[in-house]
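Enquirer: Structure: run32.txt, compact mmCIF, C-alpha atoms.
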# COMPACT_ATOMS: atom_id res chain seq x y z
CA MET A 1279 -0.49 1.58 -4.34
CA ASN A 1280 -3.18 0.68 -1.89
CA ILE A 1281 -6.33 1.51 -3.74
CA THR A 1282 -9.43 -0.64 -3.55
CA LEU A 1283 -10.56 -1.54 -7.03
CA ARG A 1284 -14.29 -1.69 -7.68
CA ILE A 1285 -15.14 -4.45 -10.11
CA GLY A 1286 -18.18 -5.71 -11.99
CA ILE A 1287 -18.33 -9.30 -13.26
CA LEU A 1288 -20.41 -10.08 -16.32
CA THR A 1289 -20.79 -13.77 -17.17
CA VAL A 1290 -21.72 -14.29 -20.82
CA SER A 1291 -23.34 -17.69 -21.34
CA ASP A 1292 -26.55 -18.79 -23.03
CA ARG A 1293 -26.78 -21.87 -20.82
CA SER A 1294 -26.14 -20.04 -17.54
CA ALA A 1295 -28.54 -17.25 -18.54
CA ARG A 1296 -31.24 -19.89 -19.13
CA GLY A 1297 -30.49 -21.51 -15.78
CA GLU A 1298 -29.31 -24.75 -17.41
CA ARG A 1299 -25.80 -24.50 -16.01
CA PRO A 1300 -24.61 -22.73 -12.85
CA ASP A 1301 -22.19 -19.85 -13.34
CA THR A 1302 -18.87 -21.04 -11.93
CA SER A 1303 -16.57 -18.47 -13.58
CA GLY A 1304 -18.16 -15.40 -11.96
CA PRO A 1305 -17.79 -16.79 -8.43
CA ALA A 1306 -14.24 -18.01 -9.17
CA LEU A 1307 -13.25 -14.49 -10.27
CA ALA A 1308 -15.04 -12.96 -7.27
CA GLY A 1309 -12.90 -15.13 -5.00
CA VAL A 1310 -9.67 -13.84 -6.53
CA ILE A 1311 -10.94 -10.24 -6.31
CA ALA A 1312 -11.82 -10.68 -2.63
CA SER A 1313 -8.37 -12.15 -1.93
CA GLN A 1314 -6.88 -8.88 -3.24
CA GLY A 1315 -9.04 -6.86 -0.84
CA TRP A 1316 -10.93 -5.45 -3.81
CA GLU A 1317 -14.69 -5.08 -4.10
CA VAL A 1318 -17.15 -6.86 -6.38
CA VAL A 1319 -19.78 -4.15 -6.88
CA CYS A 1320 -22.09 -6.03 -9.22
CA GLN A 1321 -22.47 -9.36 -10.97
CA ALA A 1322 -24.80 -10.45 -13.76
CA ILE A 1323 -25.32 -13.29 -16.22
CA LEU A 1324 -26.24 -12.50 -19.82
CA PRO A 1325 -26.89 -14.66 -22.88
CA ASP A 1326 -24.54 -14.44 -25.88
CA GLU A 1327 -26.45 -11.54 -27.46
CA LEU A 1328 -24.65 -8.57 -28.96
CA THR A 1329 -27.25 -5.87 -28.21
CA ALA A 1330 -27.83 -6.87 -24.58
CA LEU A 1331 -24.09 -7.14 -24.00
CA ARG A 1332 -23.38 -3.73 -25.51
CA GLN A 1333 -26.16 -2.10 -23.52
CA THR A 1334 -25.00 -3.65 -20.26
CA LEU A 1335 -21.36 -2.66 -20.81
CA VAL A 1336 -22.42 0.93 -21.61
CA ALA A 1337 -24.70 1.10 -18.56
CA TRP A 1338 -22.11 -0.39 -16.20
CA ALA A 1339 -19.36 1.94 -17.45
CA ALA A 1340 -21.72 4.90 -16.92
CA ARG A 1341 -22.52 3.94 -13.30
CA GLY A 1342 -19.47 5.73 -11.96
CA ASP A 1343 -18.77 3.14 -9.28
CA LEU A 1344 -16.85 0.59 -11.37
CA ASP A 1345 -13.14 0.80 -12.12
CA ILE A 1346 -13.07 -2.49 -14.04
CA ILE A 1347 -15.62 -4.66 -15.80
CA LEU A 1348 -14.57 -8.29 -16.24
CA THR A 1349 -16.48 -10.32 -18.79
CA THR A 1350 -16.16 -14.09 -18.79
CA GLY A 1351 -17.25 -16.13 -21.79
CA GLY A 1352 -18.11 -15.60 -25.43
CA THR A 1353 -14.56 -14.96 -26.69
CA GLY A 1354 -14.02 -17.98 -28.94
CA PHE A 1355 -14.82 -19.01 -32.50
CA SER A 1356 -18.38 -20.26 -31.96
CA PRO A 1357 -20.96 -18.29 -33.98
CA ARG A 1358 -22.62 -17.25 -30.68
CA ASP A 1359 -19.35 -15.81 -29.27
CA VAL A 1360 -19.88 -12.05 -29.59
CA THR A 1361 -18.27 -10.65 -26.42
CA PRO A 1362 -15.26 -9.15 -28.31
CA GLU A 1363 -17.58 -7.45 -30.81
CA ALA A 1364 -19.75 -6.01 -28.03
CA THR A 1365 -16.65 -4.78 -26.17
CA ALA A 1366 -14.99 -3.30 -29.27
CA ALA A 1367 -18.24 -1.47 -30.08
CA VAL A 1368 -18.36 0.34 -26.72
CA VAL A 1369 -14.74 1.04 -25.76
CA GLU A 1370 -13.31 4.45 -26.64
CA ARG A 1371 -9.69 3.32 -26.49
CA MET A 1372 -8.27 -0.16 -26.97
CA ALA A 1373 -5.84 -1.69 -24.45
CA PRO A 1374 -4.27 -4.39 -26.61
CA GLY A 1375 -1.34 -5.04 -24.26
CA LEU A 1376 -3.67 -6.62 -21.69
CA ALA A 1377 -5.16 -9.04 -24.23
CA GLU A 1378 -1.73 -9.77 -25.72
CA ALA A 1379 -0.28 -10.57 -22.30
CA MET A 1380 -3.15 -12.92 -21.49
CA ARG A 1381 -2.84 -14.75 -24.82
CA ALA A 1382 0.95 -15.02 -24.47
CA ALA A 1383 0.64 -16.50 -20.97
CA SER A 1384 -2.15 -18.85 -22.04
CA LEU A 1385 -0.07 -20.10 -24.96
CA GLN A 1386 2.34 -21.56 -22.40
CA VAL A 1387 -0.60 -23.68 -21.19
CA THR A 1388 -2.46 -24.57 -24.39
CA PRO A 1389 -2.21 -23.89 -28.14
CA HIS A 1390 -5.96 -23.17 -28.00
CA ALA A 1391 -5.04 -19.76 -26.60
CA MET A 1392 -4.59 -18.72 -30.23
CA LEU A 1393 -8.34 -19.08 -30.64
CA SER A 1394 -9.07 -16.42 -28.02
CA ARG A 1395 -10.53 -13.30 -29.59
CA ALA A 1396 -10.67 -11.46 -26.25
CA VAL A 1397 -10.25 -7.69 -26.38
CA CYS A 1398 -9.62 -5.13 -23.66
CA GLY A 1399 -10.26 -1.42 -23.66
CA ILE A 1400 -11.33 1.70 -21.83
CA ARG A 1401 -14.70 3.43 -21.76
CA GLY A 1402 -14.63 6.65 -19.78
CA LYS A 1403 -12.71 5.76 -16.63
CA THR A 1404 -13.66 2.08 -16.72
CA ILE A 1405 -11.43 -0.72 -18.02
CA ILE A 1406 -13.20 -3.61 -19.74
CA VAL A 1407 -11.36 -6.95 -19.83
CA ASN A 1408 -12.64 -9.99 -21.74
CA LEU A 1409 -11.78 -13.29 -20.05
CA PRO A 1410 -12.37 -16.87 -21.22
CA GLY A 1411 -15.50 -18.72 -20.15
CA SER A 1412 -14.03 -21.61 -18.20
CA PRO A 1413 -13.42 -20.87 -14.49
CA LYS A 1414 -9.82 -22.18 -14.65
CA ALA A 1415 -8.92 -20.15 -17.75
CA ALA A 1416 -10.78 -17.05 -16.51
CA VAL A 1417 -8.82 -17.04 -13.25
CA GLU A 1418 -5.49 -17.83 -14.99
CA ASN A 1419 -5.98 -14.95 -17.42
CA PHE A 1420 -7.16 -12.55 -14.71
CA ARG A 1421 -4.02 -13.33 -12.68
CA VAL A 1422 -1.88 -12.32 -15.69
CA VAL A 1423 -3.26 -8.75 -15.79
CA LEU A 1424 -3.92 -8.41 -12.06
CA PRO A 1425 -0.48 -6.91 -11.20
CA VAL A 1426 -1.04 -3.86 -13.45
CA LEU A 1427 -4.70 -3.12 -12.75
CA ALA A 1428 -4.27 -0.84 -9.73
CA HIS A 1429 -1.75 1.29 -11.63
CA ALA A 1430 -3.98 1.37 -14.70
CA VAL A 1431 -6.92 2.57 -12.60
CA GLU A 1432 -4.75 5.22 -10.93
CA LEU A 1433 -3.73 6.52 -14.36
CA LEU A 1434 -7.37 6.70 -15.45
CA ARG A 1435 -8.26 8.55 -12.25
CA GLU A 1436 -5.32 10.87 -13.02
CA ALA A 1437 -3.94 10.39 -9.55
CA PRO A 1438 -0.96 12.72 -9.05
CA GLU A 1439 1.27 9.88 -7.75
CA ALA A 1440 0.48 7.57 -10.70
CA GLU A 1441 3.18 8.90 -13.02
CA SER A 1442 5.95 8.09 -10.53
CA HIS A 1443 5.34 4.32 -10.86
CA HIS A 1444 6.67 4.02 -14.43
Rewrite the coordinates I just gave you, this time as structure tokens.
Expert:
Amino acid sequence: MNITLRIGILTVSDRSARGERPDTSGPALAGVIASQGWEVVCQAILPDELTALRQTLVAWAARGDLDIILTTGGTGFSPRDVTPEATAAVVERMAPGLAEAMRAASLQVTPHAMLSRAVCGIRGKTIIVNLPGSPKAAVENFRVVLPVLAHAVELLREAPEAESHH
């Protein structure tokens, strides 16, 4: 399965969007993506705002050049954390196994994993994965789902060889 995945990284942070704090999670994820030989097609930083998030996710999924959109941030219990709501509003099909696997793995590291409200799903042929906001947790969670992403993308592309990998 040697396909090059095309990925967009959306950092969701009021402070980073205002320029008060540098985005460290986006670059950390970009480094892991590059190490896989995959391509970061676009990156952006948005504040924790439901409408802007929804619009960006819809626009990015419609581009046609993204297999996966990774969001980082906005998945917790804070009143401003609306990434899961934005994602749930735009996906056509949920992919709960990805979120469950990330929470299960994170629970081995910290009980705070139970407070993650991250969701994952599919819009068109694009997979949207919510990741935590901290660079360490974002990378740890991304590494949990990383082994299945190429196969997932192949299935969405309806590649003839995809079914043989089950």
Enquirer: Find the residue from A:Leu1344, A:Phe1355, A:Leu1288, A:Leu1283 that sits nearest to Ala1312 of chain A; use only C-alpha atoms when measuring.
Expert: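 Of the candidates, the smallest distance to Ala1312 of chain A is held by A:Leu1283.
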Enquirer: In Å, with one decimal, what is the gap from atom CA of Thr1289 of chain A to atom CA of Arg1395 of chain A?
Expert: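 Atom CA of Arg1395 of chain A lies 16.1 Å from atom CA of Thr1289 of chain A.
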Enquirer: Between atom CA of Arg1299 of chain A and atom CA of Val1422 of chain A, what distance in Å does the model show, to one decimal?
Expert: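 These atoms are spaced 26.8 Å apart.
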Enquirer: Mind running segment 1319-1386 of chain A against segment 1408-1417 of chain A at 10 Å and telling me each contacting residue's nearest atom pair with the distance in Å (one decimal), counting only C-alpha atoms, chain and number ascending, as CSV?
Expert:
residue,atom,partner,partner_atom,distance
A:Ile1347,CA,A:Asn1408,CA,8.5
A:Leu1348,CA,A:Asn1408,CA,6.1
A:Thr1349,CA,A:Asn1408,CA,4.9
A:Thr1350,CA,A:Leu1409,CA,4.6
A:Gly1351,CA,A:Gly1411,CA,3.5
A:Gly1352,CA,A:Gly1411,CA,6.7
A:Thr1353,CA,A:Pro1410,CA,6.2
A:Gly1354,CA,A:Pro1410,CA,8.0
A:Thr1361,CA,A:Asn1408,CA,7.4
A:Pro1362,CA,A:Asn1408,CA,7.1
A:Thr1365,CA,A:Asn1408,CA,7.9
A:Leu1376,CA,A:Asn1408,CA,9.6
A:Ala1377,CA,A:Asn1408,CA,7.9
A:Met1380,CA,A:Leu1409,CA,8.8
A:Ser1384,CA,A:Ala1415,CA,8.1
Enquirer: Show which residues sit within 10 Å of Gly1309 of chain A, as a ChimeraX atom specification. Count all atoms listed in the file, and ignore same-chain residues fewer than 6 positions away.
Expert: /A:1303,1316,1318,1417
Enquirer: Would you work out the distance separating atom CA of Leu1324 of chain A from atom CA of Val1290 of chain A, expressed in Å to one decimal?
Expert: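 Taking atom CA of Leu1324 of chain A as the start and atom CA of Val1290 of chain A as the end point, the length is 5.0 Å.
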Enquirer: Could you write out as lines of an AutoDock Vina configuration file the box around segment 1363-1368 of chain A (axis-aligned, all atoms listed in the file, 8 Å on each side), with centre and edge lengths in Å to one decimal?
Expert:
center_x = -17.4
center_y = -3.6
center_z = -28.5
size_x = 20.8
size_y = 23.8
size_z = 20.6
Enquirer: Name the residues within 6 Å of (-13.5, 3.6, -13.3), counting all atoms listed in the file in the file's coordinates, and put them as a ChimeraX atom specification.
Expert: /A:1344-1345,1403-1404
Enquirer: Generate the missing atoms of segment 1389-1417 of chain A up to N, CA and C atoms and report them as a short mmCIF file (atom, residue, chain, number, x, y, z; two decimals), in the frame of the given file.
Expert:
data_model
loop_
_atom_site.label_atom_id
_atom_site.label_comp_id
_atom_site.auth_asym_id
_atom_site.auth_seq_id
_atom_site.Cartn_x
_atom_site.Cartn_y
_atom_site.Cartn_z
N PRO A 1389 -2.19 -24.56 -26.83
CA PRO A 1389 -2.21 -23.89 -28.14
C PRO A 1389 -3.57 -23.28 -28.47
N HIS A 1390 -4.62 -23.73 -27.76
CA HIS A 1390 -5.96 -23.17 -28.00
C HIS A 1390 -6.06 -21.70 -27.64
N ALA A 1391 -5.05 -21.18 -26.93
CA ALA A 1391 -5.04 -19.76 -26.60
C ALA A 1391 -5.08 -18.90 -27.86
N MET A 1392 -4.57 -19.46 -28.95
CA MET A 1392 -4.59 -18.72 -30.23
C MET A 1392 -6.00 -18.47 -30.72
N LEU A 1393 -6.95 -19.22 -30.20
CA LEU A 1393 -8.34 -19.08 -30.64
C LEU A 1393 -9.09 -18.05 -29.80
N SER A 1394 -8.43 -17.46 -28.82
CA SER A 1394 -9.07 -16.42 -28.02
C SER A 1394 -9.14 -15.13 -28.81
N ARG A 1395 -10.35 -14.57 -28.90
CA ARG A 1395 -10.53 -13.30 -29.59
C ARG A 1395 -10.76 -12.17 -28.58
N ALA A 1396 -10.42 -12.42 -27.32
CA ALA A 1396 -10.67 -11.46 -26.25
C ALA A 1396 -10.04 -10.10 -26.57
N VAL A 1397 -10.78 -9.04 -26.25
CA VAL A 1397 -10.25 -7.69 -26.38
C VAL A 1397 -10.37 -6.98 -25.03
N CYS A 1398 -9.58 -5.94 -24.87
CA CYS A 1398 -9.62 -5.13 -23.66
C CYS A 1398 -9.61 -3.67 -24.09
N GLY A 1399 -10.24 -2.83 -23.31
CA GLY A 1399 -10.26 -1.42 -23.66
C GLY A 1399 -10.79 -0.57 -22.53
N ILE A 1400 -10.94 0.72 -22.83
CA ILE A 1400 -11.33 1.70 -21.83
C ILE A 1400 -12.56 2.46 -22.33
N ARG A 1401 -13.55 2.57 -21.49
CA ARG A 1401 -14.70 3.43 -21.76
C ARG A 1401 -14.82 4.39 -20.59
N GLY A 1402 -14.64 5.68 -20.86
CA GLY A 1402 -14.63 6.65 -19.78
C GLY A 1402 -13.46 6.36 -18.86
N LYS A 1403 -13.76 6.11 -17.59
CA LYS A 1403 -12.71 5.76 -16.63
C LYS A 1403 -12.83 4.30 -16.20
N THR A 1404 -13.46 3.50 -17.05
CA THR A 1404 -13.66 2.08 -16.72
C THR A 1404 -12.90 1.20 -17.72
N ILE A 1405 -12.16 0.23 -17.18
CA ILE A 1405 -11.43 -0.72 -18.02
C ILE A 1405 -12.31 -1.96 -18.21
N ILE A 1406 -12.44 -2.41 -19.46
CA ILE A 1406 -13.20 -3.61 -19.74
C ILE A 1406 -12.23 -4.70 -20.21
N VAL A 1407 -12.27 -5.84 -19.54
CA VAL A 1407 -11.36 -6.95 -19.83
C VAL A 1407 -12.18 -8.20 -20.16
N ASN A 1408 -12.01 -8.72 -21.36
CA ASN A 1408 -12.64 -9.99 -21.74
C ASN A 1408 -11.80 -11.16 -21.25
N LEU A 1409 -12.44 -12.08 -20.53
CA LEU A 1409 -11.78 -13.29 -20.05
C LEU A 1409 -12.47 -14.51 -20.65
N PRO A 1410 -11.75 -15.65 -20.70
CA PRO A 1410 -12.37 -16.87 -21.22
C PRO A 1410 -13.54 -17.32 -20.35
N GLY A 1411 -14.31 -18.27 -20.86
CA GLY A 1411 -15.50 -18.72 -20.15
C GLY A 1411 -15.27 -19.76 -19.07
N SER A 1412 -14.24 -20.58 -19.21
CA SER A 1412 -14.03 -21.61 -18.20
C SER A 1412 -13.46 -20.98 -16.93
N PRO A 1413 -13.90 -21.48 -15.75
CA PRO A 1413 -13.42 -20.87 -14.49
C PRO A 1413 -11.89 -20.90 -14.39
N LYS A 1414 -11.28 -22.04 -14.75
CA LYS A 1414 -9.82 -22.18 -14.65
C LYS A 1414 -9.13 -21.16 -15.55
N ALA A 1415 -9.55 -21.07 -16.80
CA ALA A 1415 -8.92 -20.15 -17.75
C ALA A 1415 -9.21 -18.69 -17.39
N ALA A 1416 -10.42 -18.42 -16.90
CA ALA A 1416 -10.78 -17.05 -16.51
C ALA A 1416 -9.86 -16.56 -15.40
N VAL A 1417 -9.67 -17.41 -14.38
CA VAL A 1417 -8.82 -17.04 -13.25
C VAL A 1417 -7.36 -16.93 -13.69
#
